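Chemist: Below are the structure tokens for one structure; questions will follow.
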Amino acid sequence: MTQTPTSSVIQAQDLGLTFQTNDGPVHALKDVTLTINKGEFVSFIGPSGCGKTTFLRTIADLEQPTAGTLTVNGMSPSEARKARAYGYVFQAAGLYPWRTIGGNIKLPLEIMGFSKAEQKERCARVLELVELAGFEKKFPWQLSGGMQQRASIARALAFDADILLMDEPFGALDEIVRDRLNEELLKLWARTEKTIGFVTHSIPEAVYLSTKIVVMSPRPGRITDIIESPLPKERPLDIRDSQQFIDIAHRVREGLRAGYDEAAE
Ligand SMILES: Nc1ncnc2c1ncn2[C@@H]1O[C@H](COP(=O)(O)OP(=O)(O)OP(=O)(O)O)[C@@H](O)[C@H]1O
């Protein structure tokens, strides 16, 4: 088998972000050094307030770092945003209720000035990818929560950016739907070869999905462990019963506990 050379897509070096608030400075990120390579699926896990969302938002140029350096595809986050380097999926599906699913997916494409024909073609393609073909004319309220979240993923995929940033996209869904979407997301990742940054609170979700798991802890928000997953790329759901899976989950839990202990000191 030939090994594809790894190239770094996101590179953070000693990255810091301190918010100045009325209650004093909040160190949302401190000394974050991380490389995300092309085609990796990287999860960020940690307790509330450890800076997971802030890190994703900094990559997306929605927050400005106060220390260190960050590059996305070799560019500054602002240049990468202008080059439409990524799609972003938020915690809530965030679909406009007065627009159909197709209308929601086409909206950013409209704003970007894609032709009607191109919008139609892209919309059909991404709906197919998330297995929602045939739902283009439905309104969000006619879809289940899981389907709405898939539509929101389709909208993020419509730009065809190489990087997909996902902030707890399945957090509000029940476990059975979440399992199914996790499986579908892995298939989608394998088909599209995107680089994915994924925020979660769930240890099984992080271990099941990721090639790399970044464990974080709060006050200040920092990385306590980076785990390269030895699991194969092809992952049936029952891989979660394997010893290898249990061992990785154990290491994530240990990393989380270490972060808690340090923060309490
Ligand atoms: N705009 C802001 N102004 C001030 N403080 C902020 C701002 N955004 C985030 N913070 C603070 O920065 C820290 C990190 O927040 P962040 O939302 O990144 O954490 P998180 O790990 O994503 O948490 P959660 O799991 O609850 O979403 C928190 O203490 C939060 O209160």
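Letters A, B, ... go to the chains of the structure tokens in the order shown; residues in each chain start at 1; ligands are counted from 1 in the same order.
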What are the nearest atom pairs, with distances in Å to one decimal, for all residues of chain A that come at most 10 Å from ligand 1, using only C-alpha atoms and all ligand atoms, set out by chain and rising residue number as a tab-separated table?

Modeler:
residue	atom	partner	partner_atom_place_in_ligand_line	distance
A:Leu17	CA	ligand 1	12 (O)	8.6
A:Thr18	CA	ligand 1	12 (O)	7.8
A:Phe19	CA	ligand 1	4 (C)	5.0
A:Gln20	CA	ligand 1	4 (C)	6.6
A:Thr21	CA	ligand 1	4 (C)	5.7
A:Asn22	CA	ligand 1	4 (C)	9.0
A:Asp23	CA	ligand 1	4 (C)	9.6
A:Gly24	CA	ligand 1	4 (C)	9.6
A:Pro25	CA	ligand 1	5 (N)	8.3
A:Val26	CA	ligand 1	12 (O)	6.0
A:His27	CA	ligand 1	12 (O)	6.6
A:Ala28	CA	ligand 1	12 (O)	4.1
A:Leu29	CA	ligand 1	14 (C)	7.3
A:Phe44	CA	ligand 1	21 (O)	8.6
A:Ile45	CA	ligand 1	21 (O)	7.8
A:Gly46	CA	ligand 1	21 (O)	6.3
A:Pro47	CA	ligand 1	25 (O)	5.8
A:Ser48	CA	ligand 1	26 (O)	3.6
A:Gly49	CA	ligand 1	19 (O)	3.4
A:Cys50	CA	ligand 1	21 (O)	3.8
A:Gly51	CA	ligand 1	18 (O)	3.2
A:Lys52	CA	ligand 1	21 (O)	3.9
A:Thr53	CA	ligand 1	22 (O)	3.6
A:Thr54	CA	ligand 1	18 (O)	3.6
A:Phe55	CA	ligand 1	18 (O)	6.5
A:Leu56	CA	ligand 1	18 (O)	8.1
A:Arg57	CA	ligand 1	18 (O)	8.2
A:Thr58	CA	ligand 1	18 (O)	9.6
A:Glu63	CA	ligand 1	1 (N)	8.2
A:Gln91	CA	ligand 1	27 (O)	9.0
A:Asp167	CA	ligand 1	22 (O)	8.2
A:Glu168	CA	ligand 1	27 (O)	8.1
A:Val199	CA	ligand 1	22 (O)	7.7
A:Thr200	CA	ligand 1	25 (O)	7.6
A:His201	CA	ligand 1	25 (O)	6.8
A:Met216	CA	ligand 1	21 (O)	8.0
A:Ser217	CA	ligand 1	21 (O)	8.1
A:Pro218	CA	ligand 1	14 (C)	7.4
A:Arg219	CA	ligand 1	29 (O)	7.3
A:Pro220	CA	ligand 1	13 (C)	8.2
A:Gly221	CA	ligand 1	14 (C)	6.6
A:Arg222	CA	ligand 1	21 (O)	9.9

Chemist: I need the residues from that last selection saved to file as a compact mmCIF listing (two decimals), in the first residue's frame (with N, CA and C atoms), if you can.

Modeler:
# COMPACT_ATOMS: atom_id res chain seq x y z
N LEU A 17 -5.57 32.81 23.74
CA LEU A 17 -6.64 33.80 23.58
C LEU A 17 -7.19 34.15 24.95
N THR A 18 -7.01 35.40 25.32
CA THR A 18 -7.53 35.87 26.61
C THR A 18 -8.63 36.88 26.35
N PHE A 19 -9.82 36.60 26.90
CA PHE A 19 -10.91 37.56 26.80
C PHE A 19 -10.83 38.51 27.97
N GLN A 20 -10.98 39.80 27.71
CA GLN A 20 -11.02 40.77 28.81
C GLN A 20 -12.49 40.95 29.18
N THR A 21 -12.85 40.58 30.38
CA THR A 21 -14.25 40.71 30.79
C THR A 21 -14.33 41.63 32.02
N ASN A 22 -15.55 41.99 32.40
CA ASN A 22 -15.74 42.85 33.58
C ASN A 22 -15.23 42.19 34.86
N ASP A 23 -15.22 40.85 34.82
CA ASP A 23 -14.73 40.11 36.00
C ASP A 23 -13.23 39.81 35.90
N GLY A 24 -12.56 40.44 34.96
CA GLY A 24 -11.12 40.19 34.79
C GLY A 24 -10.87 39.33 33.57
N PRO A 25 -9.58 39.02 33.31
CA PRO A 25 -9.25 38.25 32.10
C PRO A 25 -9.69 36.79 32.19
N VAL A 26 -10.19 36.25 31.07
CA VAL A 26 -10.53 34.81 30.99
C VAL A 26 -9.59 34.18 29.97
N HIS A 27 -8.77 33.23 30.46
CA HIS A 27 -7.80 32.58 29.58
C HIS A 27 -8.48 31.41 28.87
N ALA A 28 -9.13 31.71 27.74
CA ALA A 28 -9.89 30.68 27.02
C ALA A 28 -8.97 29.67 26.36
N LEU A 29 -7.80 30.13 25.90
CA LEU A 29 -6.80 29.22 25.31
C LEU A 29 -5.42 29.64 25.77
N PHE A 44 -12.18 17.35 19.56
CA PHE A 44 -11.79 18.13 20.74
C PHE A 44 -12.75 17.78 21.85
N ILE A 45 -12.21 17.28 22.94
CA ILE A 45 -13.08 16.87 24.05
C ILE A 45 -12.57 17.48 25.35
N GLY A 46 -13.50 17.85 26.20
CA GLY A 46 -13.11 18.45 27.48
C GLY A 46 -14.34 19.06 28.12
N PRO A 47 -14.23 19.38 29.40
CA PRO A 47 -15.40 19.93 30.10
C PRO A 47 -15.77 21.33 29.60
N SER A 48 -16.94 21.75 29.98
CA SER A 48 -17.44 23.06 29.59
C SER A 48 -16.43 24.14 29.95
N GLY A 49 -16.16 25.04 29.02
CA GLY A 49 -15.29 26.17 29.31
C GLY A 49 -13.82 25.92 29.05
N CYS A 50 -13.46 24.76 28.43
CA CYS A 50 -12.03 24.48 28.22
C CYS A 50 -11.51 25.06 26.91
N GLY A 51 -12.38 25.74 26.18
CA GLY A 51 -11.90 26.45 24.99
C GLY A 51 -12.10 25.73 23.66
N LYS A 52 -12.89 24.66 23.67
CA LYS A 52 -13.10 23.89 22.43
C LYS A 52 -13.70 24.77 21.33
N THR A 53 -14.82 25.43 21.70
CA THR A 53 -15.50 26.28 20.71
C THR A 53 -14.61 27.45 20.32
N THR A 54 -13.92 28.01 21.30
CA THR A 54 -13.04 29.16 21.01
C THR A 54 -11.97 28.75 20.01
N PHE A 55 -11.41 27.54 20.16
CA PHE A 55 -10.37 27.10 19.22
C PHE A 55 -10.95 26.97 17.81
N LEU A 56 -12.12 26.33 17.70
CA LEU A 56 -12.75 26.19 16.39
C LEU A 56 -13.06 27.56 15.78
N ARG A 57 -13.57 28.46 16.62
CA ARG A 57 -13.92 29.81 16.14
C ARG A 57 -12.67 30.59 15.73
N THR A 58 -11.55 30.33 16.38
CA THR A 58 -10.31 31.01 16.02
C THR A 58 -9.83 30.52 14.65
N GLU A 63 -12.80 34.52 16.02
CA GLU A 63 -12.14 35.11 17.19
C GLU A 63 -10.69 35.38 16.81
N GLN A 91 -23.87 23.99 16.72
CA GLN A 91 -24.55 23.08 17.66
C GLN A 91 -26.00 22.85 17.25
N ASP A 167 -19.14 21.99 15.48
CA ASP A 167 -19.19 22.26 16.92
C ASP A 167 -20.36 21.52 17.55
N GLU A 168 -20.07 20.39 18.15
CA GLU A 168 -21.10 19.57 18.80
C GLU A 168 -22.37 19.42 17.96
N VAL A 199 -16.05 19.11 17.69
CA VAL A 199 -16.14 19.31 19.14
C VAL A 199 -17.20 18.39 19.73
N THR A 200 -16.87 17.72 20.82
CA THR A 200 -17.85 16.85 21.47
C THR A 200 -17.62 16.79 22.97
N HIS A 201 -18.68 16.40 23.69
CA HIS A 201 -18.54 16.13 25.13
C HIS A 201 -18.53 14.63 25.39
N MET A 216 -8.80 18.37 26.31
CA MET A 216 -8.54 19.73 26.81
C MET A 216 -9.05 19.90 28.24
N SER A 217 -8.52 20.91 28.92
CA SER A 217 -9.01 21.19 30.27
C SER A 217 -9.09 22.70 30.48
N PRO A 218 -9.95 23.13 31.41
CA PRO A 218 -10.21 24.56 31.56
C PRO A 218 -9.30 25.28 32.56
N ARG A 219 -9.45 26.62 32.54
CA ARG A 219 -8.80 27.54 33.51
C ARG A 219 -7.32 27.29 33.71
N PRO A 220 -6.47 27.63 32.78
CA PRO A 220 -6.75 28.14 31.45
C PRO A 220 -7.06 26.99 30.48
N GLY A 221 -7.77 27.32 29.39
CA GLY A 221 -8.08 26.30 28.38
C GLY A 221 -6.80 25.84 27.70
N ARG A 222 -6.51 24.54 27.82
CA ARG A 222 -5.26 24.03 27.24
C ARG A 222 -5.40 22.55 26.87

Chemist: With 9 Å as the cut-off and only C-alpha atoms counted, what is the closest atom pair between each nearby residue of region 121-216 of chain A and region 67-87 of chain A? Distances in Å to one decimal, ordered by chain and number, as CSV.

Modeler:
residue,atom,partner,partner_atom,distance
A:Ile153,CA,A:Gly87,CA,8.6
A:Arg155,CA,A:Gly87,CA,8.2
A:Ala156,CA,A:Gly87,CA,4.5
A:Leu157,CA,A:Gly87,CA,6.3
A:Ala158,CA,A:Gly87,CA,8.2
A:Phe159,CA,A:Gly87,CA,7.0
A:Asp160,CA,A:Gly87,CA,7.9
A:Ala161,CA,A:Tyr86,CA,4.8
A:Asp162,CA,A:Tyr86,CA,6.1
A:Ile163,CA,A:Tyr86,CA,4.5
A:Leu164,CA,A:Gly87,CA,4.9
A:Leu165,CA,A:Gly87,CA,6.2
A:Met166,CA,A:Gly87,CA,8.4

Chemist: Residues of region 1-213 of chain A in strand (DSSP E) according to DSSP, as a PyMOL selection string?

Modeler: chain A and resi 8-21+24-37+41-45+67-72+86-89+163-167+195-200+212-213

Chemist: Which is closest to Asp241 (chain A) among A:Val207, A:Leu132, A:Ile227, A:Gln64, if we use only C-alpha atoms?

Modeler: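 Result for the nearest residue to Asp241 (chain A): A:Val207.
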
Chemist: Name all residues at most 9 Å from region 125-130 of chain A (count only C-alpha atoms; drop same-chain ones fewer than 5 positions away) and give them as a list in words.

Modeler: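 Here the qualifying residues turn out to be Gly102, Ile105, Lys120, Phe135, Glu136, Met147, Arg150, Ala151, Ile153, Ala154, Arg155, Leu157, Ala158, Glu184, Leu185, Leu188 and Arg191 of chain A.
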
Chemist: Write a file of the selected residues as a CSV table (one decimal), in the first residue's frame, keeping N, CA and C atoms.

Modeler:
chain,number,residue,atom,x,y,z
A,102,GLY,N,-33.7,22.9,0.4
A,102,GLY,CA,-33.0,23.3,-0.7
A,102,GLY,C,-32.6,24.8,-0.7
A,105,ILE,N,-29.8,25.4,1.8
A,105,ILE,CA,-28.5,25.0,1.3
A,105,ILE,C,-28.0,26.0,0.2
A,120,LYS,N,-28.2,24.5,-8.1
A,120,LYS,CA,-29.1,23.4,-8.2
A,120,LYS,C,-28.2,22.1,-8.2
A,135,PHE,N,-35.7,15.5,-0.3
A,135,PHE,CA,-36.2,16.4,0.7
A,135,PHE,C,-36.0,17.9,0.5
A,136,GLU,N,-35.5,18.1,-0.7
A,136,GLU,CA,-35.2,19.5,-1.1
A,136,GLU,C,-36.3,20.5,-0.9
A,147,MET,N,-32.5,14.7,10.9
A,147,MET,CA,-32.5,15.1,9.5
A,147,MET,C,-32.1,16.6,9.3
A,150,ARG,N,-28.5,16.8,9.5
A,150,ARG,CA,-27.9,16.4,8.3
A,150,ARG,C,-28.0,17.5,7.2
A,151,ALA,N,-29.1,18.2,7.2
A,151,ALA,CA,-29.3,19.2,6.2
A,151,ALA,C,-28.3,20.3,6.5
A,153,ILE,N,-25.4,19.9,7.8
A,153,ILE,CA,-24.1,19.4,7.3
A,153,ILE,C,-24.0,19.6,5.8
A,154,ALA,N,-25.1,19.3,5.1
A,154,ALA,CA,-25.2,19.5,3.6
A,154,ALA,C,-24.9,20.9,3.3
A,155,ARG,N,-25.5,21.8,4.0
A,155,ARG,CA,-25.2,23.3,3.7
A,155,ARG,C,-23.7,23.6,3.8
A,157,LEU,N,-21.3,21.5,3.4
A,157,LEU,CA,-20.6,20.8,2.4
A,157,LEU,C,-20.7,21.5,1.0
A,158,ALA,N,-21.8,22.3,0.9
A,158,ALA,CA,-22.1,22.8,-0.4
A,158,ALA,C,-21.0,23.7,-1.0
A,184,GLU,N,-22.8,7.6,9.6
A,184,GLU,CA,-23.0,8.3,8.3
A,184,GLU,C,-21.9,9.3,8.1
A,185,LEU,N,-21.5,10.0,9.2
A,185,LEU,CA,-20.5,11.0,9.1
A,185,LEU,C,-19.1,10.3,8.7
A,188,LEU,N,-19.2,9.6,5.1
A,188,LEU,CA,-19.1,10.8,4.4
A,188,LEU,C,-17.7,11.3,4.3
A,191,ARG,N,-15.7,9.2,2.0
A,191,ARG,CA,-16.0,9.5,0.6
A,191,ARG,C,-15.4,10.8,0.1

Chemist: Give me the residues near Gln119 (chain A) as a ChimeraX atom specification, where near means some atom within 10 Å (using only C-alpha atoms) and where sequence neighbours in that chain fewer than 2 positions away do not count.

Modeler: /A:102-103,105-110,113-117,121-125,158-159

Chemist: So that I have them on file, write out the residues from the current selection with C-alpha atoms, as a PDB file, in the first residue's frame.

Modeler:
ATOM      1  CA  GLY A 102     -32.967  23.323  -0.739  1.00  0.00           C
ATOM      2  CA  GLY A 103     -33.402  27.057  -0.121  1.00  0.00           C
ATOM      3  CA  ILE A 105     -28.508  24.980   1.277  1.00  0.00           C
ATOM      4  CA  LYS A 106     -28.536  27.365  -1.672  1.00  0.00           C
ATOM      5  CA  LEU A 107     -28.559  30.563   0.425  1.00  0.00           C
ATOM      6  CA  PRO A 108     -24.768  30.800   0.980  1.00  0.00           C
ATOM      7  CA  LEU A 109     -24.212  29.799  -2.637  1.00  0.00           C
ATOM      8  CA  GLU A 110     -26.562  32.594  -3.725  1.00  0.00           C
ATOM      9  CA  GLY A 113     -22.779  34.473  -6.584  1.00  0.00           C
ATOM     10  CA  PHE A 114     -22.986  30.932  -7.929  1.00  0.00           C
ATOM     11  CA  SER A 115     -25.221  30.582 -11.004  1.00  0.00           C
ATOM     12  CA  LYS A 116     -28.708  29.086 -10.552  1.00  0.00           C
ATOM     13  CA  ALA A 117     -27.632  25.950 -12.428  1.00  0.00           C
ATOM     14  CA  GLU A 121     -26.319  20.924  -9.093  1.00  0.00           C
ATOM     15  CA  ARG A 122     -24.433  21.432  -5.803  1.00  0.00           C
ATOM     16  CA  CYS A 123     -27.612  21.244  -3.734  1.00  0.00           C
ATOM     17  CA  ALA A 124     -28.582  17.903  -5.305  1.00  0.00           C
ATOM     18  CA  ARG A 125     -25.060  16.542  -4.799  1.00  0.00           C
ATOM     19  CA  ALA A 158     -22.089  22.850  -0.443  1.00  0.00           C
ATOM     20  CA  PHE A 159     -19.054  25.175  -0.696  1.00  0.00           C
TER      21      PHE A 159
END

Chemist: Mind giving me the straight-line distance from CA of Ala12 (chain A) to CA of Asp31 (chain A) in Å, one decimal?

Modeler: 9.1 Å

Chemist: Please determine, counting only C-alpha atoms, which residue among A:Thr224, A:Thr100, A:Asn37, A:Asn182 has the shortest atom-to-atom distance to Lys194 (chain A).

Modeler: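 Checking each candidate against Lys194 (chain A), we get A:Asn37 as the closest.
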
Chemist: So which residues touch Arg235 (chain A) within 9 Å, counting only C-alpha atoms, skipping near sequence neighbours fewer than 6 positions away, as a VMD selection string?

Modeler: chain A and resid 183 186 208 to 209

Chemist: What separation in Å, quoted to one decimal, exists between CA of Pro169 (chain A) and CA of Val89 (chain A)?

Modeler: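 Spanning CA of Pro169 (chain A) to CA of Val89 (chain A) is a straight-line distance of 6.5 Å.
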
Chemist: For Val177 (chain A), which residue among A:Gln149, A:Arg240, A:Ser43, A:Glu193 is the nearest when counting only C-alpha atoms?

Modeler: A:Gln149
